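Here's structure-v2.cif, which has mmCIF, C-alpha atoms:
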data_work
loop_
_atom_site.group_PDB
_atom_site.id
_atom_site.type_symbol
_atom_site.label_atom_id
_atom_site.label_comp_id
_atom_site.auth_asym_id
_atom_site.auth_seq_id
_atom_site.Cartn_x
_atom_site.Cartn_y
_atom_site.Cartn_z
ATOM 1 C CA MET A 1 -128.175 -148.127 -48.116
ATOM 2 C CA GLY A 2 -131.910 -147.660 -48.131
ATOM 3 C CA SER A 3 -134.195 -150.309 -46.705
ATOM 4 C CA GLU A 4 -136.058 -150.563 -50.038
ATOM 5 C CA ILE A 5 -132.833 -151.466 -51.831
ATOM 6 C CA GLN A 6 -131.972 -153.920 -49.057
ATOM 7 C CA GLN A 7 -135.374 -155.570 -49.538
ATOM 8 C CA LEU A 8 -134.947 -155.754 -53.320
ATOM 9 C CA ALA A 9 -131.391 -157.073 -53.368
ATOM 10 C CA GLY A 10 -130.272 -157.989 -49.874
ATOM 11 C CA GLU A 11 -129.126 -161.429 -51.004
ATOM 12 C CA ILE A 12 -126.669 -159.762 -53.401
ATOM 13 C CA VAL A 13 -125.318 -157.244 -50.904
ATOM 14 C CA SER A 14 -124.739 -159.878 -48.229
ATOM 15 C CA HIS A 15 -123.163 -162.414 -50.602
ATOM 16 C CA PRO A 16 -119.445 -163.070 -49.834
ATOM 17 C CA GLN A 17 -118.386 -162.504 -53.443
ATOM 18 C CA PHE A 18 -120.141 -159.135 -53.528
ATOM 19 C CA GLN A 19 -118.520 -158.244 -50.202
ATOM 20 C CA GLN A 20 -115.111 -158.907 -51.819
ATOM 21 C CA LEU A 21 -115.685 -155.812 -53.962
ATOM 22 C CA ARG A 22 -114.726 -153.793 -50.872
ATOM 23 C CA GLY A 23 -111.113 -154.812 -51.555
ATOM 24 C CA TYR A 24 -110.943 -153.395 -55.083
ATOM 25 C CA ARG A 25 -110.093 -149.710 -55.519
ATOM 26 C CA HIS A 26 -112.192 -147.982 -58.158
ATOM 27 C CA HIS A 27 -112.579 -144.266 -58.901
ATOM 28 C CA GLY A 28 -109.991 -142.704 -56.617
ATOM 29 C CA GLU A 29 -108.101 -143.749 -53.529
ATOM 30 C CA GLY A 30 -110.947 -143.751 -51.018
ATOM 31 C CA ASN A 31 -113.524 -145.487 -53.185
ATOM 32 C CA SER A 32 -114.014 -149.222 -53.663
ATOM 33 C CA VAL A 33 -116.005 -151.082 -56.313
ATOM 34 C CA TYR A 34 -118.405 -151.969 -53.473
ATOM 35 C CA ASP A 35 -118.935 -148.280 -52.552
ATOM 36 C CA HIS A 36 -119.407 -147.365 -56.210
ATOM 37 C CA SER A 37 -121.885 -150.203 -56.813
ATOM 38 C CA ILE A 38 -124.012 -149.252 -53.800
ATOM 39 C CA ALA A 39 -124.051 -145.597 -54.908
ATOM 40 C CA VAL A 40 -125.063 -146.580 -58.465
ATOM 41 C CA ALA A 41 -127.852 -148.801 -57.097
ATOM 42 C CA GLN A 42 -129.156 -145.908 -54.971
ATOM 43 C CA ALA A 43 -129.086 -143.506 -57.942
ATOM 44 C CA ALA A 44 -130.709 -146.069 -60.260
ATOM 45 C CA TYR A 45 -133.402 -146.804 -57.682
ATOM 46 C CA ALA A 46 -134.204 -143.086 -57.427
ATOM 47 C CA ILE A 47 -134.488 -142.819 -61.216
ATOM 48 C CA ALA A 48 -136.684 -145.935 -61.427
ATOM 49 C CA ARG A 49 -139.000 -144.568 -58.732
ATOM 50 C CA ARG A 50 -139.191 -141.179 -60.436
ATOM 51 C CA MET A 51 -140.079 -142.925 -63.712
ATOM 52 C CA ARG A 52 -142.718 -144.986 -61.869
ATOM 53 C CA LEU A 53 -141.393 -148.324 -63.074
ATOM 54 C CA SER A 54 -143.192 -151.451 -61.971
ATOM 55 C CA GLY A 55 -141.953 -153.283 -58.896
ATOM 56 C CA SER A 56 -140.325 -156.035 -60.954
ATOM 57 C CA ASP A 57 -138.582 -153.534 -63.257
ATOM 58 C CA THR A 58 -137.380 -151.539 -60.246
ATOM 59 C CA ALA A 59 -135.984 -154.732 -58.708
ATOM 60 C CA SER A 60 -134.216 -155.501 -62.000
ATOM 61 C CA VAL A 61 -132.746 -151.992 -62.099
ATOM 62 C CA VAL A 62 -131.392 -152.362 -58.566
ATOM 63 C CA ARG A 63 -129.960 -155.839 -59.197
ATOM 64 C CA ALA A 64 -128.273 -154.770 -62.453
ATOM 65 C CA ALA A 65 -126.950 -151.561 -60.886
ATOM 66 C CA LEU A 66 -125.467 -153.434 -57.934
ATOM 67 C CA LEU A 67 -123.760 -155.932 -60.234
ATOM 68 C CA HIS A 68 -122.748 -153.682 -63.147
ATOM 69 C CA ASP A 69 -119.096 -153.769 -61.996
ATOM 70 C CA PHE A 70 -119.096 -157.334 -60.629
ATOM 71 C CA PHE A 71 -116.087 -158.269 -62.793
ATOM 72 C CA GLY A 72 -114.088 -159.783 -59.914
ATOM 73 C CA TYR A 73 -110.533 -158.622 -60.564
ATOM 74 C CA ASP A 74 -108.293 -155.680 -59.681
ATOM 75 C CA TRP A 75 -108.051 -153.698 -62.896
ATOM 76 C CA HIS A 76 -105.348 -151.508 -61.315
ATOM 77 C CA GLY A 77 -103.164 -154.510 -60.478
ATOM 78 C CA THR A 78 -100.167 -156.112 -62.134
ATOM 79 C CA ARG A 79 -102.114 -159.225 -63.146
ATOM 80 C CA PHE A 80 -104.475 -157.190 -65.350
ATOM 81 C CA ARG A 81 -101.558 -155.173 -66.752
ATOM 82 C CA ARG A 82 -99.772 -158.419 -67.710
ATOM 83 C CA TYR A 83 -102.949 -159.595 -69.439
ATOM 84 C CA LEU A 84 -103.201 -156.311 -71.341
ATOM 85 C CA HIS A 85 -99.559 -156.375 -72.468
ATOM 86 C CA ARG A 86 -100.279 -159.479 -74.538
ATOM 87 C CA TYR A 87 -101.936 -157.172 -77.053
ATOM 88 C CA THR A 88 -100.713 -154.231 -79.126
ATOM 89 C CA GLY A 89 -102.319 -151.397 -81.028
ATOM 90 C CA ILE A 90 -106.073 -151.402 -81.428
ATOM 91 C CA LYS A 91 -106.352 -154.902 -79.920
ATOM 92 C CA ARG A 92 -104.797 -153.592 -76.703
ATOM 93 C CA MET A 93 -107.243 -150.712 -76.600
ATOM 94 C CA MET A 94 -110.200 -153.065 -77.176
ATOM 95 C CA HIS A 95 -109.045 -155.251 -74.260
ATOM 96 C CA MET A 96 -108.734 -152.351 -71.809
ATOM 97 C CA HIS A 97 -110.876 -152.639 -68.699
ATOM 98 C CA ALA A 98 -113.430 -150.055 -69.846
ATOM 99 C CA PHE A 99 -114.214 -152.137 -72.932
ATOM 100 C CA VAL A 100 -114.246 -155.653 -71.445
ATOM 101 C CA HIS A 101 -115.601 -155.469 -67.915
ATOM 102 C CA GLY A 102 -119.315 -155.124 -68.746
ATOM 103 C CA PRO A 103 -119.708 -158.507 -70.446
ATOM 104 C CA ILE A 104 -117.389 -160.122 -67.876
ATOM 105 C CA ALA A 105 -119.517 -158.729 -65.029
ATOM 106 C CA ALA A 106 -122.745 -159.830 -66.759
ATOM 107 C CA ASP A 107 -121.516 -163.405 -67.236
ATOM 108 C CA ARG A 108 -120.249 -163.626 -63.657
ATOM 109 C CA ALA A 109 -123.447 -162.111 -62.203
ATOM 110 C CA LYS A 110 -125.657 -164.470 -64.211
ATOM 111 C CA ARG A 111 -123.623 -167.491 -63.103
ATOM 112 C CA ILE A 112 -123.672 -166.566 -59.405
ATOM 113 C CA PHE A 113 -127.032 -164.798 -59.003
ATOM 114 C CA GLY A 114 -129.142 -166.172 -61.886
ATOM 115 C CA LEU A 115 -129.994 -162.801 -63.409
ATOM 116 C CA THR A 116 -132.503 -162.341 -66.219
ATOM 117 C CA ASP A 117 -131.406 -161.605 -69.772
ATOM 118 C CA ARG A 118 -132.588 -157.981 -69.421
ATOM 119 C CA GLU A 119 -130.526 -157.533 -66.245
ATOM 120 C CA CYS A 120 -127.479 -159.035 -67.958
ATOM 121 C CA GLU A 121 -127.988 -156.791 -70.983
ATOM 122 C CA ALA A 122 -128.042 -153.743 -68.709
ATOM 123 C CA ILE A 123 -124.779 -154.831 -67.087
ATOM 124 C CA ALA A 124 -123.054 -155.715 -70.373
ATOM 125 C CA ARG A 125 -123.999 -152.415 -72.034
ATOM 126 C CA HIS A 126 -123.590 -149.960 -69.141
ATOM 127 C CA MET A 127 -120.336 -148.601 -70.613
ATOM 128 C CA PHE A 128 -122.065 -147.091 -73.657
ATOM 129 C CA PRO A 129 -120.601 -145.510 -75.831
ATOM 130 C CA LEU A 130 -117.623 -147.854 -75.246
ATOM 131 C CA ALA A 131 -120.082 -150.754 -75.376
ATOM 132 C CA ALA A 132 -123.134 -151.395 -77.522
ATOM 133 C CA MET A 133 -126.063 -149.033 -77.065
ATOM 134 C CA PRO A 134 -128.509 -150.005 -74.300
ATOM 135 C CA ARG A 135 -131.828 -151.300 -75.659
ATOM 136 C CA THR A 136 -134.093 -151.280 -72.608
ATOM 137 C CA ARG A 137 -135.209 -148.778 -69.985
ATOM 138 C CA ILE A 138 -133.432 -150.854 -67.357
ATOM 139 C CA ALA A 139 -130.159 -150.655 -69.266
ATOM 140 C CA TRP A 140 -130.487 -146.904 -69.862
ATOM 141 C CA ILE A 141 -131.196 -146.262 -66.179
ATOM 142 C CA VAL A 142 -128.152 -148.273 -65.065
ATOM 143 C CA THR A 143 -126.002 -146.504 -67.682
ATOM 144 C CA LEU A 144 -127.186 -143.043 -66.619
ATOM 145 C CA ALA A 145 -126.818 -143.787 -62.901
ATOM 146 C CA ASP A 146 -123.296 -145.161 -63.440
ATOM 147 C CA LYS A 147 -122.224 -142.100 -65.460
ATOM 148 C CA ALA A 148 -123.586 -139.719 -62.814
ATOM 149 C CA VAL A 149 -121.978 -141.528 -59.877
ATOM 150 C CA ALA A 150 -118.655 -142.130 -61.652
ATOM 151 C CA SER A 151 -118.487 -138.450 -62.654
ATOM 152 C CA ARG A 152 -119.053 -137.381 -59.055
ATOM 153 C CA GLU A 153 -116.440 -139.847 -57.772
ATOM 154 C CA MET A 154 -113.851 -138.843 -60.361
ATOM 155 C CA ALA A 155 -114.423 -135.135 -59.688
ATOM 156 C CA ALA A 156 -113.848 -135.762 -55.978
ATOM 157 C CA ALA A 157 -110.712 -137.806 -56.710
ATOM 158 C CA ILE A 158 -109.289 -135.156 -59.049
ATOM 159 C CA GLY A 159 -110.094 -132.455 -56.495
ATOM 160 C CA GLY A 160 -108.241 -134.452 -53.852
ATOM 161 C CA TYR A 161 -105.199 -134.916 -56.091
ATOM 162 C CA LEU A 162 -105.157 -131.212 -56.982
ATOM 163 C CA SER A 163 -105.470 -130.212 -53.345
ATOM 164 C CA LEU A 164 -102.549 -132.464 -52.437
ATOM 165 C CA ALA A 165 -100.448 -131.102 -55.297
ATOM 166 C CA CYS A 166 -101.189 -127.511 -54.240
ATOM 167 C CA ARG A 167 -100.164 -128.252 -50.657
ATOM 168 C CA LYS A 168 -96.906 -129.819 -51.833
ATOM 169 C CA THR A 169 -95.995 -126.819 -54.012
ATOM 170 C CA ALA A 170 -96.898 -124.374 -51.253
ATOM 171 C CA ALA A 171 -94.680 -126.172 -48.755
#
Once more with this new file: its structure as structure tokens, please.
Amino acid sequence: MGSEIQQLAGEIVSHPQFQQLRGYRHHGEGNSVYDHSIAVAQAAYAIARRMRLSGSDTASVVRAALLHDFFGYDWHGTRFRRYLHRYTGIKRMMHMHAFVHGPIAADRAKRIFGLTDRECEAIARHMFPLAAMPRTRIAWIVTLADKAVASREMAAAIGGYLSLACRKTAA
């Protein structure tokens, strides 16, 4: 992680509850929510710098990017699956992780880190188009950075799965 990001949000990165994100698998086997969040913060920081945002807006971008997936549960686990099975049809779909984790992460991040409303809005809306459309530059930057990083991570995960499948069929 770059020293600029560490200066802007070191209190978040070193916080024990943020460190717990290392234990949650995210996009693929070798990737945690912590790894993903750091990568999104780095990408968002680069975009903010390229757009020549003010120092305070850049700090907000980094904070929101770091905390965009600060939902605090294992969405691959049995506990979340049990929660989801309470619903059927369209209600089940609307309670899937992709639809609910943004507002959950925003509420949790505001409670623990005292984020601004603009930072919380960026976190809550980062899953556009599955969430409401972002309204601020900060929110659009976090959304774009998340899409870019998640796409890269998922492509790597799919490539790894395909490689493993090819080796198994060749054996």
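Residues in contact range of Ser32 of chain A, defined as at most 8 Å between only C-alpha atoms, with sequence neighbours fewer than 6 positions away removed, read Leu21, Arg22, Gly23, Tyr24, Arg25 and His26 of chain A.
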Can you translate the PyMOL selection byres ((chain A and resi 73) around 10) into the concrete residues it hits in this file, as an NGL selection string? :A and (20-21 or 23-24 or 69-72 or 74-77 or 79-80 or 101)
What does the structure give for the distance between atom CA of Met96 of chain A and atom CA of Thr78 of chain A, in Å to one decimal?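 Atom CA of Thr78 of chain A lies at a distance of 13.5 Å from atom CA of Met96 of chain A.
Considering the residues A:Ala155, A:Ser14, A:Ile123, A:Ser56 and counting only C-alpha atoms, Val40 of chain A has its shortest atom-to-atom contact with A:Ile123.
The environment of Ala150 of chain A within 8 Å, counting all atoms listed in the file and disregarding residues fewer than 3 places along the same chain, consists of A:His27, A:His36, A:Asp146, A:Lys147, A:Glu153, A:Met154.
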What do you get, as number ranges by chain, if you spell out every residue that the PyMOL selection byres ((chain A and resi 131-136) around 9) selects here? A: 98-100, 102, 118, 121-122, 124-130, 137-141, 143
Atoms to include: C-alpha atoms. Write the selected residues as a PDB file, keeping the file's coordinate frame.
ATOM      1  CA  ALA A  98    -113.430-150.055 -69.846  1.00  0.00           C
ATOM      2  CA  PHE A  99    -114.214-152.137 -72.932  1.00  0.00           C
ATOM      3  CA  VAL A 100    -114.246-155.653 -71.445  1.00  0.00           C
ATOM      4  CA  GLY A 102    -119.315-155.124 -68.746  1.00  0.00           C
ATOM      5  CA  ARG A 118    -132.588-157.981 -69.421  1.00  0.00           C
ATOM      6  CA  GLU A 121    -127.988-156.791 -70.983  1.00  0.00           C
ATOM      7  CA  ALA A 122    -128.042-153.743 -68.709  1.00  0.00           C
ATOM      8  CA  ALA A 124    -123.054-155.715 -70.373  1.00  0.00           C
ATOM      9  CA  ARG A 125    -123.999-152.415 -72.034  1.00  0.00           C
ATOM     10  CA  HIS A 126    -123.590-149.960 -69.141  1.00  0.00           C
ATOM     11  CA  MET A 127    -120.336-148.601 -70.613  1.00  0.00           C
ATOM     12  CA  PHE A 128    -122.065-147.091 -73.657  1.00  0.00           C
ATOM     13  CA  PRO A 129    -120.601-145.510 -75.831  1.00  0.00           C
ATOM     14  CA  LEU A 130    -117.623-147.854 -75.246  1.00  0.00           C
ATOM     15  CA  ARG A 137    -135.209-148.778 -69.985  1.00  0.00           C
ATOM     16  CA  ILE A 138    -133.432-150.854 -67.357  1.00  0.00           C
ATOM     17  CA  ALA A 139    -130.159-150.655 -69.266  1.00  0.00           C
ATOM     18  CA  TRP A 140    -130.487-146.904 -69.862  1.00  0.00           C
ATOM     19  CA  ILE A 141    -131.196-146.262 -66.179  1.00  0.00           C
ATOM     20  CA  THR A 143    -126.002-146.504 -67.682  1.00  0.00           C
TER      21      THR A 143
END
So which residues are close to (-140.0, -152.6, -62.0), meaning at most 12 Å away in the file's coordinates with all atoms listed in the file counted, and can you show them as a PyMOL selection string? chain A and resi 8+44-45+47-64+118-119+137-138+141
For the residues in the current selection, export C-alpha atoms as a short mmCIF file (atom, residue, chain, number, x, y, z; two decimals), keeping the file's coordinate frame.
data_model
loop_
_atom_site.label_atom_id
_atom_site.label_comp_id
_atom_site.auth_asym_id
_atom_site.auth_seq_id
_atom_site.Cartn_x
_atom_site.Cartn_y
_atom_site.Cartn_z
CA LEU A 8 -134.95 -155.75 -53.32
CA ALA A 44 -130.71 -146.07 -60.26
CA TYR A 45 -133.40 -146.80 -57.68
CA ILE A 47 -134.49 -142.82 -61.22
CA ALA A 48 -136.68 -145.94 -61.43
CA ARG A 49 -139.00 -144.57 -58.73
CA ARG A 50 -139.19 -141.18 -60.44
CA MET A 51 -140.08 -142.93 -63.71
CA ARG A 52 -142.72 -144.99 -61.87
CA LEU A 53 -141.39 -148.32 -63.07
CA SER A 54 -143.19 -151.45 -61.97
CA GLY A 55 -141.95 -153.28 -58.90
CA SER A 56 -140.32 -156.04 -60.95
CA ASP A 57 -138.58 -153.53 -63.26
CA THR A 58 -137.38 -151.54 -60.25
CA ALA A 59 -135.98 -154.73 -58.71
CA SER A 60 -134.22 -155.50 -62.00
CA VAL A 61 -132.75 -151.99 -62.10
CA VAL A 62 -131.39 -152.36 -58.57
CA ARG A 63 -129.96 -155.84 -59.20
CA ALA A 64 -128.27 -154.77 -62.45
CA ARG A 118 -132.59 -157.98 -69.42
CA GLU A 119 -130.53 -157.53 -66.24
CA ARG A 137 -135.21 -148.78 -69.98
CA ILE A 138 -133.43 -150.85 -67.36
CA ILE A 141 -131.20 -146.26 -66.18
#
Check the smallest atom-to-atom distance from each of A:Phe113, A:Ala46, A:Arg81, A:Ala105 to Glu11 of chain A using only C-alpha atoms, then report the winner.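 Looking at the shortest contact to Glu11 of chain A, the residue is A:Phe113.
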Do a neighbour search on Ala39 of chain A at 8 Å with only C-alpha atoms, toss out local chain neighbours closer than 4 positions, and write the hits as a PDB file with C-alpha atoms, in the coordinates of the input.
ATOM      1  CA  ASP A  35    -118.935-148.280 -52.552  1.00  0.00           C
ATOM      2  CA  ALA A  43    -129.086-143.506 -57.942  1.00  0.00           C
ATOM      3  CA  VAL A 149    -121.978-141.528 -59.877  1.00  0.00           C
TER       4      VAL A 149
END
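Between atom CA of His15 of chain A and atom CA of Ile104 of chain A the separation is 18.4 Å.
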